[in-house]
Amino acid sequence: MSEQKIKVTPEQLGQLLFGFVSTHTTGRLKDAEYLRSIGVEHIDQNYLLREMLIINMFAIVQGFKDLLENEELETKVLDHMHKTYYQALVEYLKTRIQPVSATPAALKTSAGVLKPRHFLGR
């Protein structure tokens with residue numbers, strides 16, 4: 001049986017890599033024993049998801065380096081992986097945060113103004 005090669009675009013491969021990272025990360029977050037073993041079972045799941053996605057994407061970038069003979073193609077693939085992550089994050093935040101004009105009081109903190117770190121669960 002011969003293997004059939006399929007052409008994919010850098011965008012498709014980048015999306016596929018992010019899909020792999022996302023599936024792996026969410027699978028790990030569902031494993032309570034794993035979370036206990038690394039001492040993060042009490043940390044907010046949304047915060048862990050974002051942090052673990054970033055760590056796993058870093059691992060993909062390191063593993064992908066010099067894998068392709070064409071550095072420009074490699075960069076395009078990894079750029080698309082990061083763009084897919086960014087798009088997913090924007091969509092996630094749209095569902096979690098009300099528009100500023102609708103809730104001005106929600107933007108006030110003890111320090112006065114909501115800082116970006118508040119979105120990270122810190």
# chains A, B, ... in the order shown; residues from 1 in each chain; ligands from 1
call {"tool": "select_by_dssp", "arguments": {"residues": "range 19-94 of chain A", "states": "alpha helix (DSSP H)", "output": "MDAnalysis selection string"}}
result
chainID A and resid 19:29 32:37 45:64 71:94
call {"tool": "residues_around", "arguments": {"residues": "range 83-93 of chain A", "least_positions_apart": "2", "cutoff": "8 Å", "atoms": "only C-alpha atoms", "output": "JSON, numbers by chain"}}
result
{"A": [14, 15, 18, 79, 80, 81, 95, 96, 97]}
call {"tool": "write_last_selection", "arguments": {"atoms": "N, CA and C atoms", "output": "tab-separated table (two decimals), in the first residue's frame"}}
result
chain	number	residue	atom	x	y	z
A	14	GLY	N	-0.60	25.52	10.33
A	14	GLY	CA	-0.60	26.31	11.57
A	14	GLY	C	-1.86	26.06	12.39
A	15	GLN	N	-3.00	26.01	11.71
A	15	GLN	CA	-4.26	25.73	12.40
A	15	GLN	C	-4.27	24.31	12.97
A	18	PHE	N	-2.15	24.28	16.13
A	18	PHE	CA	-2.87	24.85	17.27
A	18	PHE	C	-3.96	23.90	17.74
A	79	ASP	N	3.55	31.41	12.40
A	79	ASP	CA	2.75	32.63	12.49
A	79	ASP	C	1.26	32.29	12.47
A	80	HIS	N	0.86	31.37	11.61
A	80	HIS	CA	-0.55	30.98	11.53
A	80	HIS	C	-0.99	30.25	12.80
A	81	MET	N	-0.11	29.48	13.41
A	81	MET	CA	-0.45	28.83	14.68
A	81	MET	C	-0.74	29.90	15.73
A	95	THR	N	-16.81	36.47	24.95
A	95	THR	CA	-17.89	35.80	25.68
A	95	THR	C	-17.79	36.02	27.18
A	96	ARG	N	-16.65	36.49	27.67
A	96	ARG	CA	-16.42	36.63	29.10
A	96	ARG	C	-16.49	38.07	29.60
A	97	ILE	N	-16.36	39.04	28.71
A	97	ILE	CA	-16.26	40.43	29.13
A	97	ILE	C	-17.37	41.25	28.47
call {"tool": "residues_around", "arguments": {"residues": "Ile60 in chain A", "least_positions_apart": "4", "cutoff": "8 Å", "atoms": "only C-alpha atoms", "output": "list of chain:residue names"}}
result
A:Leu17, A:Asn56, A:Phe64
call {"tool": "residues_around", "arguments": {"residues": "His24 in chain A", "least_positions_apart": "3", "cutoff": "12 Å", "atoms": "only C-alpha atoms", "output": "list in words"}}
result
Leu17, Phe18, Gly19, Phe20, Val21, Gly27, Arg28, Leu29, Lys30, Asp31, Leu49, Met52, Leu53, Ile55, Asn56, Met57 and Ile60 of chain A
call {"tool": "write_last_selection", "arguments": {"atoms": "C-alpha atoms", "output": "PDB file, in the first residue's frame"}}
result
ATOM      1  CA  LEU A  17      -0.734  22.579  15.093  1.00  0.00           C
ATOM      2  CA  PHE A  18      -2.870  24.848  17.267  1.00  0.00           C
ATOM      3  CA  GLY A  19      -5.670  22.277  17.174  1.00  0.00           C
ATOM      4  CA  PHE A  20      -3.203  19.644  18.387  1.00  0.00           C
ATOM      5  CA  VAL A  21      -1.948  21.899  21.185  1.00  0.00           C
ATOM      6  CA  GLY A  27      -7.161  16.801  27.806  1.00  0.00           C
ATOM      7  CA  ARG A  28      -4.563  17.444  30.489  1.00  0.00           C
ATOM      8  CA  LEU A  29      -6.849  19.897  32.271  1.00  0.00           C
ATOM      9  CA  LYS A  30      -9.518  17.199  32.556  1.00  0.00           C
ATOM     10  CA  ASP A  31      -7.046  14.837  34.255  1.00  0.00           C
ATOM     11  CA  LEU A  49      -5.721  26.788  30.094  1.00  0.00           C
ATOM     12  CA  MET A  52      -0.619  25.702  29.423  1.00  0.00           C
ATOM     13  CA  LEU A  53      -1.514  26.630  25.832  1.00  0.00           C
ATOM     14  CA  ILE A  55       3.826  26.541  27.227  1.00  0.00           C
ATOM     15  CA  ASN A  56       2.712  23.844  24.784  1.00  0.00           C
ATOM     16  CA  MET A  57       2.907  26.258  21.857  1.00  0.00           C
ATOM     17  CA  ILE A  60       5.842  23.154  19.315  1.00  0.00           C
TER      18      ILE A  60
END
call {"tool": "closest_residue", "arguments": {"among": "A:Lys76, A:Ser37, A:Gln12, A:Thr25", "to": "Glu51 in chain A", "atoms": "only C-alpha atoms"}}
result
A:Thr25
call {"tool": "decode", "arguments": {"residues": "range 62-81 of chain A", "atoms": "N, CA and C atoms", "output": "compact mmCIF listing (two decimals), in the first residue's frame"}}
result
# COMPACT_ATOMS: atom_id res chain seq x y z
N GLN A 62 9.75 25.14 19.47
CA GLN A 62 11.10 24.59 19.64
C GLN A 62 11.29 23.31 18.82
N GLY A 63 10.27 22.47 18.80
CA GLY A 63 10.35 21.23 18.04
C GLY A 63 10.29 21.44 16.54
N PHE A 64 9.68 22.51 16.13
CA PHE A 64 9.48 22.80 14.71
C PHE A 64 10.69 23.48 14.07
N LYS A 65 11.54 24.08 14.92
CA LYS A 65 12.71 24.80 14.41
C LYS A 65 13.55 23.87 13.53
N ASP A 66 13.92 24.37 12.40
CA ASP A 66 14.79 23.66 11.45
C ASP A 66 14.20 22.35 10.95
N LEU A 67 12.91 22.13 11.14
CA LEU A 67 12.27 20.92 10.64
C LEU A 67 12.06 21.01 9.13
N LEU A 68 11.69 22.19 8.67
CA LEU A 68 11.50 22.40 7.24
C LEU A 68 12.78 22.99 6.65
N GLU A 69 13.01 22.71 5.41
CA GLU A 69 14.20 23.24 4.74
C GLU A 69 14.05 24.71 4.39
N ASN A 70 12.82 25.19 4.36
CA ASN A 70 12.52 26.55 3.97
C ASN A 70 12.15 27.36 5.21
N GLU A 71 13.04 28.25 5.63
CA GLU A 71 12.81 29.04 6.84
C GLU A 71 11.60 29.95 6.72
N GLU A 72 11.37 30.50 5.53
CA GLU A 72 10.22 31.38 5.32
C GLU A 72 8.91 30.59 5.51
N LEU A 73 8.86 29.38 4.99
CA LEU A 73 7.68 28.54 5.14
C LEU A 73 7.47 28.18 6.61
N GLU A 74 8.56 27.85 7.30
CA GLU A 74 8.49 27.54 8.73
C GLU A 74 7.90 28.71 9.51
N THR A 75 8.36 29.90 9.20
CA THR A 75 7.86 31.11 9.87
C THR A 75 6.38 31.32 9.59
N LYS A 76 5.95 31.11 8.35
CA LYS A 76 4.54 31.28 8.01
C LYS A 76 3.66 30.30 8.79
N VAL A 77 4.10 29.05 8.88
CA VAL A 77 3.32 28.04 9.60
C VAL A 77 3.18 28.44 11.07
N LEU A 78 4.29 28.81 11.70
CA LEU A 78 4.24 29.17 13.12
C LEU A 78 3.46 30.46 13.34
N ASP A 79 3.55 31.41 12.40
CA ASP A 79 2.75 32.63 12.49
C ASP A 79 1.26 32.29 12.47
N HIS A 80 0.86 31.37 11.61
CA HIS A 80 -0.55 30.98 11.53
C HIS A 80 -0.99 30.25 12.80
N MET A 81 -0.11 29.48 13.41
CA MET A 81 -0.45 28.83 14.68
C MET A 81 -0.74 29.90 15.73
